[in-house]
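To start, the structure under review is shown below, and the notes come after it.
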Amino acid sequence: MSTKVEKSILVNVPLSIAYNQWTQFEEFPHFMSGIKSVTQLDDEHLTWVAEIAGVRRQWDAKILEQVPDKKVSWAATEGATNAGSVTFEDVGGGQTQVHLVLEYEPEGLVEKIGDKLNVVENQAEGDLDRFKTFIESEGYATGAWRGSVGTGTASDEPGIETASSSRGDSGKAGISGKVAAGVGLAAAAAAAAGVAASKKNRDDTADVETDVTLTPADEALPDPTLPGVDSAEAGVTLEEDPVLRKNRAEGGSLAP
């Protein structure tokens with residue numbers, strides 16, 4: 001199931017400056033907190049590396065349409081499933097309305113949890129706020145490309161169907177060891193609570209006292225600001241977590 005996000009922001013710079021800055025894709029990490037790098041391969045193709053909610057993902061995207069001072073739209077082609085567009089409107093007085101539409105499909109447990117918590121929606125809103133701060137503080141664009149891509153006649157926003165070739169392609173996604181540990185501990189705590197409740201229901205006459213400590217939400221759930229490392233690269237698993245190993249050796253609980 002896909003999720004659609006729409007956000008707008010008013011920036012206090014002329015239309016051409018706002019548009020010119022947005023087309024400097026390799027500058028995105030300056031105001032998009034989840035983006036680690038963007039590499040522009042040619043006029044139509046980009047490679048993205050992002051980390052959101054502790055999940056590190058790399059994907060390729062193709063620019064479907066780019067019309068100077070009007071619109072940039074794209075769709076992923078490999079490594080993730082997302083598509084969207086950014087449109088620009090001159091509202092007068094040296095101000096520009098920037099409108100972002102993004103549709104994506106979360107993959108894997110952590111991304112699906114993040115989707116339920118509106119992590120991507122909050123990220124998009126924060127990124128637009130940071131774009132506003134960035135361009136207004138500069139007062140000019142760091143570069144410009146005034147070329148066009150596509151026919152310039154498309155009126156509909158590209159949906160997830162335009163990224164169908166990459167649907168289910170999670171081969172380039174990775175989860176950080178810390179997030180994996182947090183999710184694992186949360187699941188263990190929930191299972192312990194379920195076992196305790198079942199035991200108490202079976203024996204109404206027994207005096208069963210159960211002390212279950214759940215991992216706090218801010219520790220158990222993914223942290224959007226977490227500096228993650230792909231577990232395949234770092235070689236980190238729950239079984240290798242030093243805190244858990246130490247606790248087991250001392251006869252302690254799973255919780256650190």
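As shown in the structure tokens, the chain order sets the letters A, B, ...; within each chain, residues go from 1, and ligands are also counted from 1 in the order they appear.
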For Leu100 in chain A: contacts at 7 Å, only C-alpha atoms, fewer than 6 positions along chain excluded, given as an MDAnalysis selection string: chainID A and resid 6:8 85:87
List every residue of range 79-145 of chain A that DSSP, applied to the backbone of this structure, places in alpha helix (DSSP H), and write the result as a compact mmCIF listing (two decimals) with N, CA and C atoms, in the first residue's frame.
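The file below, out_14.txt, is the result:
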```
# COMPACT_ATOMS: atom_id res chain seq x y z
N GLY A 108 9.72 -3.29 4.34
CA GLY A 108 10.38 -3.78 5.54
C GLY A 108 9.72 -3.26 6.81
N LEU A 109 10.04 -3.89 7.93
CA LEU A 109 9.41 -3.59 9.22
C LEU A 109 9.63 -2.15 9.66
N VAL A 110 10.88 -1.70 9.63
CA VAL A 110 11.18 -0.38 10.16
C VAL A 110 10.55 0.72 9.31
N GLU A 111 10.59 0.57 7.99
CA GLU A 111 9.96 1.57 7.13
C GLU A 111 8.45 1.61 7.34
N LYS A 112 7.84 0.45 7.57
CA LYS A 112 6.39 0.41 7.79
C LYS A 112 6.03 1.04 9.14
N ILE A 113 6.87 0.81 10.15
CA ILE A 113 6.65 1.48 11.44
C ILE A 113 6.78 2.98 11.27
N GLY A 114 7.82 3.40 10.56
CA GLY A 114 8.02 4.82 10.31
C GLY A 114 6.86 5.43 9.54
N ASP A 115 6.28 4.67 8.62
CA ASP A 115 5.13 5.16 7.86
C ASP A 115 3.94 5.41 8.78
N LYS A 116 3.70 4.50 9.73
CA LYS A 116 2.60 4.67 10.68
C LYS A 116 2.81 5.89 11.56
N VAL A 119 6.69 9.48 9.66
CA VAL A 119 8.08 9.94 9.64
C VAL A 119 8.40 10.66 8.33
N VAL A 120 8.00 10.09 7.19
CA VAL A 120 8.32 10.70 5.90
C VAL A 120 7.57 12.02 5.74
N GLU A 121 6.30 12.06 6.16
CA GLU A 121 5.53 13.30 6.07
C GLU A 121 6.18 14.41 6.89
N ASN A 122 6.57 14.08 8.13
CA ASN A 122 7.24 15.07 8.97
C ASN A 122 8.58 15.49 8.38
N GLN A 123 9.27 14.51 7.78
CA GLN A 123 10.56 14.80 7.14
C GLN A 123 10.38 15.77 5.98
N ALA A 124 9.34 15.54 5.16
CA ALA A 124 9.09 16.41 4.01
C ALA A 124 8.77 17.83 4.46
N GLU A 125 7.96 17.96 5.49
CA GLU A 125 7.62 19.29 6.00
C GLU A 125 8.85 20.00 6.54
N GLY A 126 9.68 19.26 7.27
CA GLY A 126 10.91 19.86 7.79
C GLY A 126 11.87 20.25 6.69
N ASP A 127 11.95 19.42 5.63
CA ASP A 127 12.85 19.73 4.52
C ASP A 127 12.43 21.00 3.79
N LEU A 128 11.12 21.20 3.61
CA LEU A 128 10.65 22.42 2.98
C LEU A 128 10.95 23.64 3.84
N ASP A 129 10.79 23.50 5.14
CA ASP A 129 11.14 24.60 6.06
C ASP A 129 12.62 24.95 5.94
N ARG A 130 13.46 23.90 5.85
CA ARG A 130 14.89 24.15 5.75
C ARG A 130 15.27 24.73 4.39
N PHE A 131 14.55 24.32 3.34
CA PHE A 131 14.77 24.92 2.01
C PHE A 131 14.46 26.42 2.07
N LYS A 132 13.35 26.78 2.70
CA LYS A 132 12.97 28.19 2.85
C LYS A 132 14.07 28.97 3.57
N THR A 133 14.54 28.41 4.69
CA THR A 133 15.59 29.09 5.45
C THR A 133 16.86 29.23 4.63
N PHE A 134 17.20 28.15 3.91
CA PHE A 134 18.43 28.13 3.11
C PHE A 134 18.40 29.18 2.02
N ILE A 135 17.34 29.20 1.21
CA ILE A 135 17.30 30.09 0.05
C ILE A 135 17.09 31.54 0.47
N GLU A 136 16.33 31.76 1.53
CA GLU A 136 16.10 33.13 1.98
C GLU A 136 17.34 33.72 2.63
N SER A 137 18.12 32.89 3.31
CA SER A 137 19.35 33.39 3.92
C SER A 137 20.41 33.71 2.87
N GLU A 138 20.42 32.92 1.79
CA GLU A 138 21.38 33.17 0.71
C GLU A 138 20.94 34.36 -0.15
```
Glu44 in chain A surroundings by only C-alpha atoms, 8 Å radius, close-in-sequence under 4 positions cut, as a list in words: Lys62, Ile63, Leu64 and Val149 of chain A
Could you list, as number ranges by chain, every residue within 6 Å of Glu78 in chain A, counting only C-alpha atoms and ignoring same-chain residues fewer than 2 positions away? A: 59-60, 76, 80, 166
Preceding selection exported with N, CA and C atoms as a PDB file, in the first residue's frame:
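out-v2.pdb, written as the output of this step:
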```pdb
ATOM      1  N   TRP A  59      18.982   4.604  -4.093  1.00  0.00           N
ATOM      2  CA  TRP A  59      18.132   4.311  -5.235  1.00  0.00           C
ATOM      3  C   TRP A  59      18.473   5.219  -6.405  1.00  0.00           C
ATOM      4  N   ASP A  60      18.050   4.788  -7.574  1.00  0.00           N
ATOM      5  CA  ASP A  60      18.217   5.562  -8.799  1.00  0.00           C
ATOM      6  C   ASP A  60      16.860   6.135  -9.198  1.00  0.00           C
ATOM      7  N   ALA A  76      11.388   6.782  -9.210  1.00  0.00           N
ATOM      8  CA  ALA A  76      12.499   5.874  -8.928  1.00  0.00           C
ATOM      9  C   ALA A  76      12.519   4.757  -9.973  1.00  0.00           C
ATOM     10  N   ALA A  80      14.232   1.622  -4.665  1.00  0.00           N
ATOM     11  CA  ALA A  80      13.146   2.131  -3.829  1.00  0.00           C
ATOM     12  C   ALA A  80      11.937   2.319  -4.727  1.00  0.00           C
ATOM     13  N   SER A 166      10.578  -0.584  -9.997  1.00  0.00           N
ATOM     14  CA  SER A 166      11.390  -0.772  -8.798  1.00  0.00           C
ATOM     15  C   SER A 166      10.563  -1.277  -7.624  1.00  0.00           C
TER      16      SER A 166
END
```
Using only C-alpha atoms, which residues sit within 7 Å of Ile35 in chain A once same-chain residues fewer than 4 positions away are excluded, as a list in words?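 Within the cut-off, the hits are Pro29, Val49, Ala50 and Glu51 of chain A.
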If you keep C-alpha atoms, can you produce a file of those selected residues as a PDB file, in the first residue's frame?
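The resulting file, selection.pdb, is reproduced below:
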```
ATOM      1  CA  PRO A  29      21.868  17.470   1.624  1.00  0.00           C
ATOM      2  CA  VAL A  49      21.546   7.928  -0.771  1.00  0.00           C
ATOM      3  CA  ALA A  50      19.234   8.590   2.162  1.00  0.00           C
ATOM      4  CA  GLU A  51      18.776   7.564   5.758  1.00  0.00           C
TER       5      GLU A  51
END
```
Correct to one decimal, the distance CA of Ile17 in chain A-CA of Val5 in chain A is 24.5 Å
Proximity to Thr47 in chain A - best of A:Pro158, A:Pro14, A:Gly94, A:Gly79, only C-alpha atoms: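 Ranking A:Pro158, A:Pro14, A:Gly94, A:Gly79 by distance to Thr47 in chain A, first place goes to A:Gly79.
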If you count only C-alpha atoms, which residues fall within 12 Å of Ser16 in chain A, apart from same-chain ones fewer than 6 positions away, as a CSV table (one decimal) with N, CA and C atoms, in the first residue's frame?
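Below is the file around-v1.csv, written as the result:
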```csv
chain,number,residue,atom,x,y,z
A,22,TRP,N,16.3,24.7,-6.6
A,22,TRP,CA,15.8,23.4,-6.5
A,22,TRP,C,16.4,22.5,-7.5
A,23,THR,N,16.8,23.0,-8.7
A,23,THR,CA,17.4,22.1,-9.7
A,23,THR,C,18.8,21.8,-9.4
A,67,VAL,N,10.4,21.6,-16.4
A,67,VAL,CA,10.0,22.8,-17.1
A,67,VAL,C,10.5,24.0,-16.3
A,68,PRO,N,11.3,24.8,-16.9
A,68,PRO,CA,11.9,26.0,-16.1
A,68,PRO,C,10.8,26.8,-15.5
A,69,ASP,N,11.0,27.1,-14.2
A,69,ASP,CA,10.1,28.0,-13.4
A,69,ASP,C,8.7,27.4,-13.2
A,70,LYS,N,8.6,26.1,-13.5
A,70,LYS,CA,7.2,25.5,-13.3
A,70,LYS,C,7.2,24.2,-12.6
A,71,LYS,N,8.0,23.3,-13.0
A,71,LYS,CA,7.8,21.9,-12.5
A,71,LYS,C,9.1,21.0,-12.6
A,88,PHE,N,6.2,25.2,-8.9
A,88,PHE,CA,6.6,26.5,-8.5
A,88,PHE,C,5.5,27.5,-9.0
A,89,GLU,N,5.1,28.4,-8.2
A,89,GLU,CA,4.1,29.4,-8.6
A,89,GLU,C,4.5,30.8,-8.1
A,90,ASP,N,4.5,31.8,-9.0
A,90,ASP,CA,4.8,33.1,-8.7
A,90,ASP,C,3.5,33.7,-8.1
A,94,GLY,N,7.5,39.2,-5.1
A,94,GLY,CA,8.8,38.6,-4.9
A,94,GLY,C,8.7,37.3,-4.1
A,95,GLN,N,7.6,36.7,-4.1
A,95,GLN,CA,7.4,35.4,-3.3
A,95,GLN,C,7.0,34.3,-4.3
A,96,THR,N,7.3,33.1,-3.8
A,96,THR,CA,7.1,31.9,-4.6
A,96,THR,C,6.4,30.8,-3.8
A,97,GLN,N,5.4,30.2,-4.3
A,97,GLN,CA,4.8,29.0,-3.6
A,97,GLN,C,5.4,27.8,-4.2
A,98,VAL,N,5.9,26.9,-3.3
A,98,VAL,CA,6.6,25.7,-3.6
A,98,VAL,C,5.7,24.5,-3.1
A,135,ILE,N,17.3,29.2,1.2
A,135,ILE,CA,17.3,30.1,0.0
A,135,ILE,C,17.1,31.5,0.5
A,139,GLY,N,19.7,34.4,-0.5
A,139,GLY,CA,19.1,35.5,-1.3
A,139,GLY,C,19.4,35.2,-2.8
A,140,TYR,N,20.1,34.2,-3.2
A,140,TYR,CA,20.4,33.9,-4.6
A,140,TYR,C,20.6,32.4,-4.7
A,141,ALA,N,20.4,31.8,-5.8
A,141,ALA,CA,20.6,30.4,-6.1
A,141,ALA,C,22.1,30.0,-6.2
A,143,GLY,N,23.3,27.9,-8.1
A,143,GLY,CA,23.5,27.5,-9.5
A,143,GLY,C,22.2,27.5,-10.2
A,144,ALA,N,22.3,27.1,-11.5
A,144,ALA,CA,21.0,27.1,-12.3
A,144,ALA,C,21.2,26.2,-13.5
A,145,TRP,N,20.2,25.5,-13.9
A,145,TRP,CA,20.1,24.8,-15.1
A,145,TRP,C,18.8,25.0,-15.7
A,146,ARG,N,18.7,25.7,-16.8
A,146,ARG,CA,17.5,26.1,-17.4
A,146,ARG,C,17.0,25.3,-18.6
```
